[in-house]
Every structure is written in C-alpha cells, then in structure tokens.
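Visitor: Below: one structure in structure tokens.
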Amino acid sequence: MALDEQTTALLAQLNSQAAKPGQDISILEARLGAVALFTAFAGNEIHACITQDRMVEGPSGDVCVRCYWPEGKQDTPYPIIVFFHGGGWSMGDVASYDSFVRSICALSRSILISVDYRLAPEHRFPTGLEDAYAVMEWALSHGAEIKGDVTKVAVMGDSSGGNLAAVIAHRIQARAGPRLAAQFLLYPVLDVSAPHSQYPSRMAFGNGEYLLSRDGIDSATNWYLGEGAEISESEISPMREKNLHILPPTVIMVGGYDPLLDEAKSYQVRLQAAGVPTSFKCFESAIHAFLSFGVLDIALEGRQYLAQKIKELLHD
C-alpha cells in the first residue's frame, strides 16, 4: 500500500525543513526541533482530561510525572497505564506528548501517567530506565492514591519509550510482587545490537525520507549508551531477551513505512512462540511516530484502535 495523501504531504513539509547532509546540530537544537515537530502537527482535537503534575521518588532524586484522568463520574477505580515517551532516549518530554496522551486517556477511559525521565547524553543508560522503573513501581504500589486499580496496571511507550516499556515489563514480571496486566508497544526500538541489514525495513525506509533514519538510530544509541555498555544486553536490546514467556498480554503497533517494522514483526513472532497473547497491527500507509501527528486521519484511526485494545485488556 502506498503512503496516504496526508502523510505524503506531511513528509514533504518535514523533508523540506530537515537539516542538510553533513550539517551537524547540537542536542539542544535537536530537542527544540522535536518539540516543535510534535507541537506543530498535534492536531486540533480537544480531549477533556483532568491533569496533575507531581513528583515521584526516583533512584537519585524525584521524577516528574503528569497524571491524566478522564472527565466524568467513575464508580470504580480506573485502570492505570504508565507511559514513556519516545525521542531516542534523548529528546521529547511530557509537554510535547500532552495531546497524544490526553486523547488516549479520554478514548480509553483510563488513568495515564506520563513520565519525564532523565535524558541522554547528559544522563546515559541506565539512568532514564531507572527513573522509568521507579515510576512503574510507584504506580503498582500507590495507584490507589490516584483513584487507580492496582490490579489493572499496564505499561506503554512509543519508539525509544517502547524500548523502556518492554524492558520494564520484563523486570516487573520477573520479580516477586504485583504484575502487569498488559504492555502496549508503539513502533518500539527493540534491537540496536544487530546490523541494520538484518532488518529489510531499515534498509528500505531508513534513508531519512520517512522521518526516522538509520543514522538517527545510530546517533540516538550512541547518545544513550554509557562507556562499556553492551548493546546485546537485553535491557538495551529487548529482542535479545530469552525468557519472554513471563511477559503480559502485548499489543504492538507500527507503520508500514517505519524502519522499525521488521523488528516489531520479529518480536511478535517470538512472543507468540513463547505463549504470550499478542496483537500485532501494522498501519500500512503510516510512518514512524504517526500516532503523535493528530493532523493525520491515520493517527486518529490508530488512536481509536489503541483505545479499543486498552478496553479489551484492562476493562471488565
């Protein structure tokens, strides 16, 4: 299937504004560009949610989170979803994902907790991961304080945030204590240990014209990893995890023009072989990060699909 017309127009606009080959940009410029991108194309949908910014105790200081509640009366506690934003572990924040998270909160009738974990390269692996894990543990143990149902807690992340979500889901399920009801992985980064050539979608769609490039994946990985980090470690490349059978029911979403398409497919196959109930949905005419672009019809369709899966897995 070809790119849809709206996505084609969006890419034309983005590619006309992109940095030229060989033009180096600083991490600050990259962050400002990412915020501008997600803000400019967030769309005009208004989803009424109640929000509160608060701090959660982390491994070396407080972690900022934004909690979202659906408006309207609820007689029973809401399911809880802890969300980790994308941006190559080095860009993105709660504010730039606000529109997307609001929409999922309202459409799914669930509490969402969006996490401002510390970013690389100032804070390299595993700093952001440990911040994210601390919030996940807090949601499981203190979710009742925010009107949540601690028996229906899930994790969600997009792109590099999907990487964090996959790692944290395994950590939680591997230890004693409360377990997760589901994980929702949105075009996740699952394998930075293999050469790009192992995944045909990276070679076909990773030249830079479809938003995410192979060079971008490499740069983000280099920013994220500290000295001596092993890229084949399963907490960096979840594809390398051997004990997948303990994972909760999983939903994977990806675009047909996403360089990460084939690793998402491979992970789905491995999860199903391990006996994990898994739903896989490829939006054939979509690009990487499409759910954040609320100006696109395909994004609104994807959000509706995601909300329905949340209801199926977390609501009675």
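Residue names in the structure tokens use chain letters A, B, ... in the order shown, residue numbers from 1 in each chain, and ligand numbers from 1 in the order shown.
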Determine, for each residue of segment 160-183 of chain A having at least one atom at most 12 Å from an atom of segment 255-276 of chain A, the closest pair of atoms and their separation in Å to one decimal, counting only C-alpha atoms; order by chain and ascending number, as CSV.
Guide:
residue,atom,partner,partner_atom,distance
A:Ser160,CA,A:Leu260,CA,10.9
A:Gly162,CA,A:Ala264,CA,10.6
A:Asn163,CA,A:Ala264,CA,11.0
A:Ala166,CA,A:Tyr267,CA,10.5
A:Ala182,CA,A:Val276,CA,10.4
A:Gln183,CA,A:Val276,CA,11.0
Visitor: Could you write out that same residue set with N, CA and C atoms as a PDB file, in the first residue's frame?
Guide:
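Generated file (again_29.pdb):
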ATOM      1  N   SER A 160      11.684   4.845  21.333  1.00  0.00           N
ATOM      2  CA  SER A 160      12.609   4.512  22.418  1.00  0.00           C
ATOM      3  C   SER A 160      11.869   4.325  23.738  1.00  0.00           C
ATOM      4  N   GLY A 162       9.069   2.826  23.846  1.00  0.00           N
ATOM      5  CA  GLY A 162       8.647   1.435  23.728  1.00  0.00           C
ATOM      6  C   GLY A 162       9.739   0.474  24.149  1.00  0.00           C
ATOM      7  N   ASN A 163      10.981   0.864  23.891  1.00  0.00           N
ATOM      8  CA  ASN A 163      12.118   0.087  24.383  1.00  0.00           C
ATOM      9  C   ASN A 163      12.099   0.035  25.913  1.00  0.00           C
ATOM     10  N   ALA A 166       9.216  -2.211  27.154  1.00  0.00           N
ATOM     11  CA  ALA A 166       9.476  -3.639  27.004  1.00  0.00           C
ATOM     12  C   ALA A 166      10.447  -4.138  28.069  1.00  0.00           C
ATOM     13  N   ALA A 182      -0.847  -5.768  31.089  1.00  0.00           N
ATOM     14  CA  ALA A 182      -0.612  -5.670  29.644  1.00  0.00           C
ATOM     15  C   ALA A 182       0.581  -4.766  29.378  1.00  0.00           C
ATOM     16  N   GLN A 183       1.105  -4.876  28.156  1.00  0.00           N
ATOM     17  CA  GLN A 183       2.068  -3.893  27.661  1.00  0.00           C
ATOM     18  C   GLN A 183       1.646  -3.479  26.254  1.00  0.00           C
TER      19      GLN A 183
END
Visitor: Apply DSSP to the backbone of this structure and, from segment 172-285 of chain A, keep only the residues in helix (DSSP H, G or I); write these as a PyMOL selection string.
Guide: chain A and resi 172-174+196-198+200-205+214-224+238-240+261-273
Visitor: Generate a file of the selected residues that holds C-alpha atoms, formatted as a tab-separated table (two decimals), in the first residue's frame.
Guide:
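Done, and the output landed in part-v1.tsv:
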chain	number	residue	atom	x	y	z
A	172	ILE	CA	8.32	-6.39	36.70
A	173	GLN	CA	7.17	-9.83	35.60
A	174	ALA	CA	10.47	-11.44	36.62
A	196	HIS	CA	20.75	-2.58	10.04
A	197	SER	CA	20.95	-5.05	7.16
A	198	GLN	CA	19.38	-7.75	9.36
A	200	PRO	CA	14.93	-5.18	5.49
A	201	SER	CA	12.59	-2.40	6.64
A	202	ARG	CA	15.55	-0.45	7.99
A	203	MET	CA	17.23	-0.66	4.62
A	204	ALA	CA	14.06	0.17	2.67
A	205	PHE	CA	12.74	3.01	4.81
A	214	ARG	CA	19.44	4.58	10.21
A	215	ASP	CA	21.86	7.38	11.06
A	216	GLY	CA	19.31	8.71	13.54
A	217	ILE	CA	19.02	5.31	15.19
A	218	ASP	CA	22.81	5.10	15.46
A	219	SER	CA	23.16	8.62	16.88
A	220	ALA	CA	20.43	8.02	19.46
A	221	THR	CA	22.03	4.75	20.52
A	222	ASN	CA	25.44	6.38	20.89
A	223	TRP	CA	23.95	9.19	22.99
A	224	TYR	CA	22.07	6.72	25.18
A	238	PRO	CA	14.87	-6.44	24.33
A	239	MET	CA	14.93	-8.65	21.23
A	240	ARG	CA	17.81	-10.49	22.94
A	261	LEU	CA	8.66	-2.55	11.15
A	262	ASP	CA	10.60	-5.79	10.77
A	263	GLU	CA	11.98	-5.92	14.30
A	264	ALA	CA	8.43	-5.37	15.58
A	265	LYS	CA	7.30	-8.31	13.44
A	266	SER	CA	10.17	-10.45	14.71
A	267	TYR	CA	9.34	-9.63	18.33
A	268	GLN	CA	5.71	-10.53	17.75
A	269	VAL	CA	6.75	-13.94	16.37
A	270	ARG	CA	8.98	-14.57	19.37
A	271	LEU	CA	6.28	-13.54	21.85
A	272	GLN	CA	3.72	-15.81	20.24
A	273	ALA	CA	6.18	-18.69	20.19
Visitor: Considering only C-alpha atoms, state which residue in the set A:Ala176, A:Ile111, A:Leu186, A:Ala289 is at the smallest distance from Leu212 of chain A.
Guide: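 Closest residue, counting only C-alpha atoms: A:Ala289.
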Visitor: Interatomic distance between atom CA of Glu137 of chain A and atom CA of Phe184 of chain A?
Guide: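 According to the coordinates, atom CA of Glu137 of chain A and atom CA of Phe184 of chain A are separated by 17.2 Å.
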Visitor: Find the distance between atom CA of Ile246 of chain A and atom CA of His170 of chain A and write it in Å to one decimal.
Guide: 7.3 Å
Visitor: Return as JSON lines the residues of segment 176-262 of chain A lying at most 7 Å from segment 277-282 of chain A, together with the closest atom-to-atom pair for each and the distance in Å to one decimal, counting only C-alpha atoms, with rows in chain order and ascending residue number.
Guide:
{"residue": "A:Pro249", "atom": "CA", "partner": "A:Pro277", "partner_atom": "CA", "distance": 4.8}
{"residue": "A:Thr250", "atom": "CA", "partner": "A:Thr278", "partner_atom": "CA", "distance": 4.7}
{"residue": "A:Val251", "atom": "CA", "partner": "A:Ser279", "partner_atom": "CA", "distance": 4.8}
{"residue": "A:Ile252", "atom": "CA", "partner": "A:Phe280", "partner_atom": "CA", "distance": 4.9}
{"residue": "A:Met253", "atom": "CA", "partner": "A:Lys281", "partner_atom": "CA", "distance": 4.9}
{"residue": "A:Val254", "atom": "CA", "partner": "A:Cys282", "partner_atom": "CA", "distance": 5.0}
{"residue": "A:Gly255", "atom": "CA", "partner": "A:Cys282", "partner_atom": "CA", "distance": 5.4}
{"residue": "A:Gly256", "atom": "CA", "partner": "A:Cys282", "partner_atom": "CA", "distance": 6.0}
Visitor: Selection from above, C-alpha atoms, as a CSV table (one decimal), in the first residue's frame, can you write it?
Guide:
chain,number,residue,atom,x,y,z
A,249,PRO,CA,-0.5,-9.8,27.0
A,250,THR,CA,1.0,-7.5,24.4
A,251,VAL,CA,-0.2,-5.1,21.8
A,252,ILE,CA,2.3,-4.0,19.1
A,253,MET,CA,1.5,-1.2,16.7
A,254,VAL,CA,3.7,0.0,13.8
A,255,GLY,CA,3.6,1.8,10.4
A,256,GLY,CA,4.1,0.1,7.1
Visitor: Please identify which residues in segment 100-307 of chain A DSSP calls strand (DSSP E or B) from the backbone, and express them as a PDB file with C-alpha atoms, in the first residue's frame.
Guide:
ATOM      1  CA  ILE A 111      -5.555   6.909  34.005  1.00  0.00           C
ATOM      2  CA  LEU A 112      -2.323   7.666  32.186  1.00  0.00           C
ATOM      3  CA  ILE A 113       0.907   8.583  33.946  1.00  0.00           C
ATOM      4  CA  SER A 114       3.322  10.283  31.543  1.00  0.00           C
ATOM      5  CA  VAL A 115       6.933  10.200  32.729  1.00  0.00           C
ATOM      6  CA  ASP A 116       9.645  12.862  32.308  1.00  0.00           C
ATOM      7  CA  GLY A 148      -6.457   3.730  40.110  1.00  0.00           C
ATOM      8  CA  ASP A 149      -6.991  -0.021  40.126  1.00  0.00           C
ATOM      9  CA  VAL A 150      -3.638  -1.593  41.029  1.00  0.00           C
ATOM     10  CA  THR A 151      -4.830  -4.952  39.695  1.00  0.00           C
ATOM     11  CA  LYS A 152      -5.074  -3.423  36.204  1.00  0.00           C
ATOM     12  CA  VAL A 153      -1.776  -1.669  35.598  1.00  0.00           C
ATOM     13  CA  ALA A 154      -0.098  -1.618  32.193  1.00  0.00           C
ATOM     14  CA  VAL A 155       2.946  -0.079  30.571  1.00  0.00           C
ATOM     15  CA  MET A 156       3.077   1.787  27.262  1.00  0.00           C
ATOM     16  CA  GLY A 157       5.774   3.500  25.252  1.00  0.00           C
ATOM     17  CA  ASP A 158       6.496   4.701  21.746  1.00  0.00           C
ATOM     18  CA  ALA A 182      -0.612  -5.670  29.644  1.00  0.00           C
ATOM     19  CA  GLN A 183       2.068  -3.893  27.661  1.00  0.00           C
ATOM     20  CA  PHE A 184       1.432  -1.600  24.689  1.00  0.00           C
ATOM     21  CA  LEU A 185       4.446  -1.140  22.402  1.00  0.00           C
ATOM     22  CA  LEU A 186       4.104   1.577  19.778  1.00  0.00           C
ATOM     23  CA  ASN A 207      17.432   6.570   4.375  1.00  0.00           C
ATOM     24  CA  SER A 213      16.773   7.188   9.581  1.00  0.00           C
ATOM     25  CA  THR A 250       1.022  -7.477  24.440  1.00  0.00           C
ATOM     26  CA  VAL A 251      -0.195  -5.068  21.785  1.00  0.00           C
ATOM     27  CA  ILE A 252       2.301  -3.958  19.120  1.00  0.00           C
ATOM     28  CA  MET A 253       1.522  -1.167  16.655  1.00  0.00           C
ATOM     29  CA  VAL A 254       3.741   0.014  13.806  1.00  0.00           C
ATOM     30  CA  GLY A 255       3.576   1.793  10.449  1.00  0.00           C
ATOM     31  CA  THR A 278      -0.047 -10.841  21.296  1.00  0.00           C
ATOM     32  CA  SER A 279      -1.939  -8.494  18.984  1.00  0.00           C
ATOM     33  CA  PHE A 280       0.034  -7.009  16.103  1.00  0.00           C
ATOM     34  CA  LYS A 281      -1.291  -4.170  13.962  1.00  0.00           C
ATOM     35  CA  CYS A 282       0.527  -2.628  11.014  1.00  0.00           C
ATOM     36  CA  PHE A 283      -0.976   0.572   9.624  1.00  0.00           C
TER      37      PHE A 283
END
Visitor: From the list A:Thr76, A:Glu29, A:Asp297, A:Glu284, which residue is nearest Asp316 of chain A when using only C-alpha atoms?
Guide: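 Looking only at the distances to Asp316 of chain A, the closest residue turns out to be A:Thr76.
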Visitor: Please measure the separation of atom CA of His142 of chain A and atom CA of His315 of chain A, giving the value in Å to one decimal.
Guide: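 Straight-line distance from atom CA of His142 of chain A to atom CA of His315 of chain A works out to 19.5 Å.
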Visitor: Which residue gives the smallest distance to Gly87 of chain A among A:Leu3, A:Val295, A:Val35, A:Cys105, with only C-alpha atoms counted?
Guide: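 Comparing A:Leu3, A:Val295, A:Val35, A:Cys105 against Gly87 of chain A, the winner is A:Val35.
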Visitor: Nearest residue to Arg118 of chain A out of A:Gly206, A:Gly177, A:Gly302, A:Gly58, using only C-alpha atoms?
Guide: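 Of all the options, A:Gly58 lies closest to Arg118 of chain A.
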Visitor: With a distance cut-off of 12 Å and only C-alpha atoms, select the neighbouring residues of Leu28 of chain A, excluding the residue or stretch itself and same-chain residues fewer than 4 positions from it, and output the selection as a PyMOL selection string.
Guide: chain A and resi 24+32-35+90-92+119-122
Visitor: Next, dump the selected residues to file, keeping only N, CA and C atoms, as an mmCIF file, in the first residue's frame.
Guide:
data_model
loop_
_atom_site.group_PDB
_atom_site.id
_atom_site.type_symbol
_atom_site.label_atom_id
_atom_site.label_comp_id
_atom_site.auth_asym_id
_atom_site.auth_seq_id
_atom_site.Cartn_x
_atom_site.Cartn_y
_atom_site.Cartn_z
ATOM 1 N N ASP A 24 25.775 19.382 11.095
ATOM 2 C CA ASP A 24 25.688 18.912 12.475
ATOM 3 C C ASP A 24 24.793 19.847 13.284
ATOM 4 N N LEU A 32 14.788 21.016 20.631
ATOM 5 C CA LEU A 32 13.857 22.071 20.255
ATOM 6 C C LEU A 32 13.111 21.707 18.975
ATOM 7 N N GLY A 33 13.816 21.067 18.052
ATOM 8 C CA GLY A 33 13.187 20.643 16.813
ATOM 9 C C GLY A 33 12.135 19.574 17.033
ATOM 10 N N ALA A 34 12.417 18.654 17.952
ATOM 11 C CA ALA A 34 11.455 17.591 18.244
ATOM 12 C C ALA A 34 10.191 18.162 18.872
ATOM 13 N N VAL A 35 10.355 19.085 19.812
ATOM 14 C CA VAL A 35 9.197 19.709 20.447
ATOM 15 C C VAL A 35 8.372 20.465 19.411
ATOM 16 N N SER A 90 16.779 10.721 24.196
ATOM 17 C CA SER A 90 17.499 11.979 24.378
ATOM 18 C C SER A 90 16.652 13.213 24.059
ATOM 19 N N MET A 91 15.454 13.006 23.519
ATOM 20 C CA MET A 91 14.560 14.109 23.171
ATOM 21 C C MET A 91 13.154 13.778 23.659
ATOM 22 N N GLY A 92 12.244 14.744 23.498
ATOM 23 C CA GLY A 92 10.867 14.528 23.911
ATOM 24 C C GLY A 92 10.665 14.833 25.387
ATOM 25 N N LEU A 119 17.174 12.413 30.439
ATOM 26 C CA LEU A 119 17.536 12.152 29.050
ATOM 27 C C LEU A 119 19.045 12.055 28.857
ATOM 28 N N ALA A 120 19.422 11.254 27.859
ATOM 29 C CA ALA A 120 20.805 11.190 27.393
ATOM 30 C C ALA A 120 21.043 12.392 26.464
ATOM 31 N N PRO A 121 22.288 12.777 26.208
ATOM 32 C CA PRO A 121 23.513 12.145 26.698
ATOM 33 C C PRO A 121 23.957 12.620 28.075
ATOM 34 N N GLU A 122 23.266 13.611 28.651
ATOM 35 C CA GLU A 122 23.649 14.053 29.991
ATOM 36 C C GLU A 122 23.473 12.933 31.006
#
